[in-house]
file data_15.txt (compact mmCIF, C-alpha atoms)
# COMPACT_ATOMS: atom_id res chain seq x y z
CA MET A 848 0.00 0.00 0.00
CA PRO A 849 1.51 3.38 -0.96
CA ARG A 850 2.36 5.76 1.84
CA PRO A 851 0.53 9.10 1.87
CA ALA A 852 2.56 11.96 0.49
CA ALA A 853 4.40 13.95 3.13
CA PRO A 854 3.31 17.56 3.48
CA THR A 855 5.46 19.98 1.53
CA PRO A 856 6.87 23.26 2.86
CA THR A 857 3.98 25.00 1.06
CA THR A 858 1.31 22.93 2.84
CA PRO A 859 -0.16 24.73 5.85
CA PRO A 860 0.17 22.91 9.19
CA ASP A 861 -2.95 21.50 10.81
CA ASP A 862 -3.19 24.43 13.23
CA ALA A 863 -3.03 27.11 10.50
CA VAL A 864 -6.05 29.42 10.30
CA LEU A 865 -7.87 31.31 7.59
CA PRO A 866 -8.02 34.82 9.02
CA PRO A 867 -10.74 37.27 8.07
CA ARG A 868 -10.08 39.76 5.32
CA ALA A 869 -8.29 42.76 6.84
CA PRO A 870 -10.37 45.87 7.56
CA GLY A 871 -9.75 48.32 4.74
CA ALA A 872 -8.64 45.61 2.28
CA PRO A 873 -9.77 46.22 -1.30
CA ALA A 874 -13.42 45.23 -1.73
CA PRO A 875 -14.28 42.31 -4.03
CA GLY A 876 -14.18 43.46 -7.64
CA THR A 877 -11.75 46.31 -6.87
CA PRO A 878 -8.61 46.51 -9.02
CA ILE A 879 -5.42 46.18 -6.98
CA GLY A 880 -2.88 48.67 -8.25
CA PRO A 881 0.81 47.95 -8.75
CA HIS A 882 2.90 47.93 -5.62
CA TYR A 883 5.70 49.68 -7.54
CA ASP A 884 5.62 51.23 -11.03
CA LEU A 885 8.88 49.55 -12.06
CA CYS A 886 8.00 46.04 -10.82
CA PHE A 887 8.63 43.46 -13.55
CA GLY A 888 5.41 41.67 -12.63
CA CYS A 889 2.84 44.45 -12.17
CA GLY A 890 4.57 47.73 -12.99
CA PRO A 891 2.95 49.77 -15.75
CA GLN A 892 6.28 51.46 -16.57
CA ARG A 893 7.99 48.16 -17.48
CA ALA A 894 7.47 47.77 -21.23
CA ASP A 895 9.22 44.38 -21.09
CA GLY A 896 7.38 43.27 -17.93
CA LEU A 897 4.21 41.29 -17.47
CA GLN A 898 2.03 44.31 -16.67
CA LEU A 899 -0.14 41.87 -14.77
CA THR A 900 -3.43 43.28 -13.51
CA ALA A 901 -5.17 41.97 -10.39
CA VAL A 902 -8.65 42.31 -8.90
CA ALA A 903 -9.66 41.48 -5.34
CA GLY A 904 -11.98 38.48 -5.19
CA GLU A 905 -14.32 37.18 -2.50
CA GLY A 906 -12.79 36.23 0.85
CA LEU A 907 -9.03 35.80 0.58
CA THR A 908 -8.85 35.43 -3.21
CA VAL A 909 -7.40 37.41 -6.09
CA ASP A 910 -7.94 37.12 -9.84
CA ALA A 911 -5.22 38.32 -12.20
CA ARG A 912 -4.37 38.21 -15.88
CA PHE A 913 -1.69 39.07 -18.35
CA THR A 914 -1.09 38.56 -22.05
CA VAL A 915 1.97 36.60 -23.14
CA ARG A 916 3.81 38.80 -25.65
CA PRO A 917 6.68 37.89 -28.01
CA VAL A 918 9.19 39.37 -25.53
CA HIS A 919 8.02 36.73 -23.00
CA GLN A 920 8.76 33.63 -25.04
CA GLY A 921 11.13 30.80 -24.22
CA GLY A 922 10.65 28.15 -26.88
CA PRO A 923 9.51 29.48 -30.27
CA GLY A 924 5.99 30.86 -29.89
CA LEU A 925 5.61 29.71 -26.26
CA ALA A 926 5.80 31.49 -22.91
CA HIS A 927 9.03 31.01 -20.98
CA GLY A 928 8.48 28.76 -17.93
CA GLY A 929 10.31 31.15 -15.61
CA LEU A 930 8.10 33.97 -16.79
CA LEU A 931 4.97 31.93 -16.02
CA THR A 932 6.40 31.23 -12.57
CA THR A 933 6.90 34.98 -12.15
CA ALA A 934 3.22 35.56 -12.99
CA MET A 935 2.18 33.04 -10.35
CA ASP A 936 4.53 34.61 -7.77
CA GLU A 937 3.20 38.09 -8.52
CA THR A 938 -0.43 36.98 -8.17
CA LEU A 939 0.18 34.96 -5.01
CA GLY A 940 2.04 37.91 -3.49
CA THR A 941 -0.93 40.16 -4.23
CA LEU A 942 -2.98 38.11 -1.75
CA ASN A 943 -1.04 39.82 1.03
CA TRP A 944 -2.84 43.11 0.20
CA LEU A 945 -5.98 41.41 1.54
CA LEU A 946 -4.22 40.68 4.82
CA HIS A 947 -2.62 44.16 5.06
CA ALA A 948 0.74 42.55 5.71
CA PRO A 949 3.86 43.00 3.58
CA ALA A 950 5.42 39.64 2.83
CA VAL A 951 8.14 38.07 0.72
CA THR A 952 8.24 34.76 -1.10
CA GLY A 953 9.79 32.02 1.02
CA ARG A 954 9.10 29.12 -1.34
CA LEU A 955 7.23 28.65 -4.59
CA GLU A 956 6.36 25.27 -6.13
CA THR A 957 5.14 25.29 -9.73
CA ASP A 958 3.60 22.57 -11.89
CA PHE A 959 3.43 23.13 -15.64
CA VAL A 960 0.38 21.38 -17.08
CA ARG A 961 0.27 22.60 -20.70
CA PRO A 962 2.14 25.06 -22.95
CA VAL A 963 1.02 28.70 -23.04
CA PRO A 964 1.34 30.18 -26.54
CA VAL A 965 2.40 33.75 -27.28
CA ASP A 966 -0.61 36.10 -27.60
CA THR A 967 -2.53 34.03 -25.05
CA GLU A 968 -4.13 35.72 -22.05
CA LEU A 969 -3.40 33.80 -18.84
CA HIS A 970 -6.13 34.00 -16.18
CA ILE A 971 -4.85 33.32 -12.66
CA HIS A 972 -7.00 32.62 -9.61
CA ALA A 973 -5.15 32.63 -6.25
CA TRP A 974 -6.30 31.96 -2.70
CA VAL A 975 -4.90 31.81 0.83
CA THR A 976 -4.85 28.24 2.20
CA GLY A 977 -3.76 29.11 5.75
CA VAL A 978 -1.80 31.46 8.00
CA HIS A 979 0.46 30.26 10.80
CA GLY A 980 2.32 32.99 12.69
CA ARG A 981 4.20 35.04 10.08
CA LYS A 982 3.78 32.33 7.42
CA VAL A 983 1.13 32.77 4.73
CA TYR A 984 0.32 29.68 2.65
CA SER A 985 -1.41 30.05 -0.71
CA ALA A 986 -2.21 28.35 -4.01
CA ALA A 987 -3.09 29.40 -7.55
CA GLU A 988 -4.16 28.10 -10.95
CA GLY A 989 -3.48 29.72 -14.32
CA ARG A 990 -5.91 29.01 -17.15
CA ILE A 991 -5.79 29.80 -20.85
CA GLY A 992 -8.72 30.79 -23.03
CA GLY A 993 -10.64 32.41 -20.15
CA PRO A 994 -11.17 32.02 -16.40
CA ASP A 995 -12.85 28.63 -16.98
CA GLY A 996 -10.41 27.45 -19.65
CA PRO A 997 -7.99 24.56 -19.30
CA VAL A 998 -5.42 24.73 -16.51
CA ALA A 999 -1.93 25.50 -17.83
CA ILE A 1000 -0.05 26.04 -14.56
CA ARG A 1001 -0.54 25.44 -10.83
CA ALA A 1002 1.45 26.79 -7.90
CA GLN A 1003 1.66 26.61 -4.13
CA ALA A 1004 3.61 29.13 -2.10
CA LEU A 1005 4.83 30.07 1.32
CA PHE A 1006 5.19 33.80 2.03
CA ILE A 1007 6.82 35.26 5.13
CA GLN A 1008 5.40 38.46 6.60
CA VAL A 1009 8.06 41.13 7.11
CA LYS A 1010 8.30 44.69 8.35
CA LEU A 1011 8.70 47.45 5.77
CA GLU A 1012 12.30 47.84 6.94
CA HIS A 1013 13.04 44.63 5.05
CA PHE A 1014 12.68 46.59 1.81
CA THR A 1015 14.32 49.82 2.93
CA THR A 1016 17.32 47.98 4.38
CA HIS A 1017 17.99 45.68 1.44
CA GLY A 1018 16.79 47.67 -1.57
CA ARG A 1019 18.83 49.93 -3.85
CA PRO A 1020 18.76 53.46 -2.33
CA GLU A 1021 17.65 55.31 -5.49
CA ASP A 1022 14.72 52.92 -5.96
CA ILE A 1023 13.70 53.21 -2.32
CA LYS A 1024 13.72 57.00 -2.62
CA LYS A 1025 11.57 56.87 -5.77
CA ALA A 1026 9.07 54.56 -4.04
CA LEU A 1027 8.92 56.69 -0.89
CA ASP A 1028 8.46 59.86 -2.96
CA ASP A 1029 5.25 58.36 -4.43
CA PRO A 1030 2.59 59.62 -1.97
CA ASP A 1031 0.02 56.98 -2.94
CA LEU A 1032 2.47 54.12 -2.64
CA PHE A 1033 3.83 55.41 0.67
CA LYS A 1034 0.31 55.77 2.08
CA ARG A 1035 -0.59 52.19 1.04
CA ALA A 1036 2.67 50.76 2.37
CA ARG A 1037 2.37 52.50 5.75
CA ALA A 1038 -1.16 51.16 6.16
CA PHE A 1039 0.17 47.63 5.76
CA GLU A 1040 2.99 47.89 8.30
CA VAL A 1041 3.17 44.83 10.52
CA ASN A 1042 3.58 45.09 14.28
CA PRO A 1043 5.09 41.84 15.60
call {"tool": "encode", "arguments": {"input": "data_15.txt", "output": "structure tokens"}}
result
Amino acid sequence: MPRPAAPTPTTPPDDAVLPPRAPGAPAPGTPIGPHYDLCFGCGPQRADGLQLTAVAGEGLTVDARFTVRPVHQGGPGLAHGGLLTTAMDETLGTLNWLLHAPAVTGRLETDFVRPVPVDTELHIHAWVTGVHGRKVYSAAEGRIGGPDGPVAIRAQALFIQVKLEHFTTHGRPEDIKKALDDPDLFKRARAFEVNP
């Protein structure tokens, strides 16, 4: 008889909880703006980036999408696998806006189910699977041809909640200054500051 699969580092422990949506989190159906204009995943000023757009869903869910362009290809006419992983990471990270807690990726596991051709729009649905202390567990599916289309990619992730100092201590000074000079970004970031 086969043994049951051991839990992975992206599987929430039995005592993990699903917290309520944070007060002041974006309402369902509300677009979630980029966290930084120059972000490769969601930044509108990155012509070579994904320019992924996200919308808050019900509960602790997010729906996102992006179109695979020729600059995103790996094999001829197909999306690069690392780029698809980036799209999953970006979407899963957006879930933390619903918790009002800045977090960084601790681990990301990705399963590629089918190729994603250039000029295809990838629809990603992500959800929180549990929170345990500073650890946020989540999962996502990416579908082609629409939100109900065939699954092309799946991911599970572990994010670690951090204080904003994580970014200001380790980031490049000129980029930190640009981010802090953006009054809307600074206001959003301060609202999400974590108190241990």
call {"tool": "atom_distance", "arguments": {"input": "data_15.txt", "atom1": "CA of Phe913 in chain A", "atom2": "CA of Cys889 in chain A"}}
result
9.4 Å
call {"tool": "residues_near_point", "arguments": {"input": "data_15.txt", "point": "(-7.7, 39.0, -4.7)", "cutoff": "7 Å", "atoms": "only C-alpha atoms", "output": "list of chain:residue names"}}
result
A:Ala901, A:Val902, A:Ala903, A:Gly904, A:Leu907, A:Thr908, A:Val909, A:Asp910, A:Thr941, A:Leu942, A:Leu945
call {"tool": "atom_distance", "arguments": {"input": "data_15.txt", "atom1": "CA of Phe1006 in chain A", "atom2": "CA of Leu939 in chain A"}}
result
8.7 Å
call {"tool": "atom_distance", "arguments": {"input": "data_15.txt", "atom1": "CA of His972 in chain A", "atom2": "CA of Asp862 in chain A"}}
result
24.6 Å
call {"tool": "closest_residue", "arguments": {"input": "data_15.txt", "among": "A:Glu968, A:Asp958, A:Asp995, A:Asp861", "to": "Gln898 in chain A", "atoms": "all atoms listed in the file"}}
result
A:Glu968
call {"tool": "closest_residue", "arguments": {"input": "data_15.txt", "among": "A:Asp884, A:Asp936, A:Glu905, A:Glu1021", "to": "Thr957 in chain A", "atoms": "all atoms listed in the file"}}
result
A:Asp936
call {"tool": "closest_residue", "arguments": {"input": "data_15.txt", "among": "A:Ile991, A:Val975, A:Ala911, A:Ala950", "to": "Pro962 in chain A", "atoms": "only C-alpha atoms"}}
result
A:Ile991
call {"tool": "residues_around", "arguments": {"input": "data_15.txt", "residues": "Arg981 in chain A", "least_positions_apart": "4", "cutoff": "8 Å", "atoms": "all atoms listed in the file", "output": "ChimeraX atom specification"}}
result
/A:1007-1009
call {"tool": "closest_residue", "arguments": {"input": "data_15.txt", "among": "A:His927, A:His882, A:Arg954, A:His1017", "to": "Ala986 in chain A", "atoms": "only C-alpha atoms"}}
result
A:Arg954
call {"tool": "closest_residue", "arguments": {"input": "data_15.txt", "among": "A:Val998, A:Ala948, A:Val978, A:Ala987", "to": "Pro860 in chain A", "atoms": "only C-alpha atoms"}}
result
A:Val978
call {"tool": "residues_around", "arguments": {"input": "data_15.txt", "residues": "Leu955 in chain A", "least_positions_apart": "3", "cutoff": "8 Å", "atoms": "only C-alpha atoms", "output": "PDB file with C-alpha atoms, in the frame of the given file"}}
result
ATOM      1  CA  THR A 857       3.980  25.000   1.060  1.00  0.00           C
ATOM      2  CA  ASP A 936       4.530  34.610  -7.770  1.00  0.00           C
ATOM      3  CA  THR A 952       8.240  34.760  -1.100  1.00  0.00           C
ATOM      4  CA  ALA A1002       1.450  26.790  -7.900  1.00  0.00           C
ATOM      5  CA  GLN A1003       1.660  26.610  -4.130  1.00  0.00           C
ATOM      6  CA  ALA A1004       3.610  29.130  -2.100  1.00  0.00           C
ATOM      7  CA  LEU A1005       4.830  30.070   1.320  1.00  0.00           C
TER       8      LEU A1005
END
call {"tool": "closest_residue", "arguments": {"input": "data_15.txt", "among": "A:Gln892, A:Ser985, A:Thr858, A:Thr877", "to": "Gly940 in chain A", "atoms": "only C-alpha atoms"}}
result
A:Ser985
call {"tool": "residues_near_point", "arguments": {"input": "data_15.txt", "point": "(-1.1, 29.8, 15.6)", "cutoff": "7 Å", "atoms": "all atoms listed in the file", "output": "JSON, numbers by chain"}}
result
{"A": [862, 863, 979, 980]}
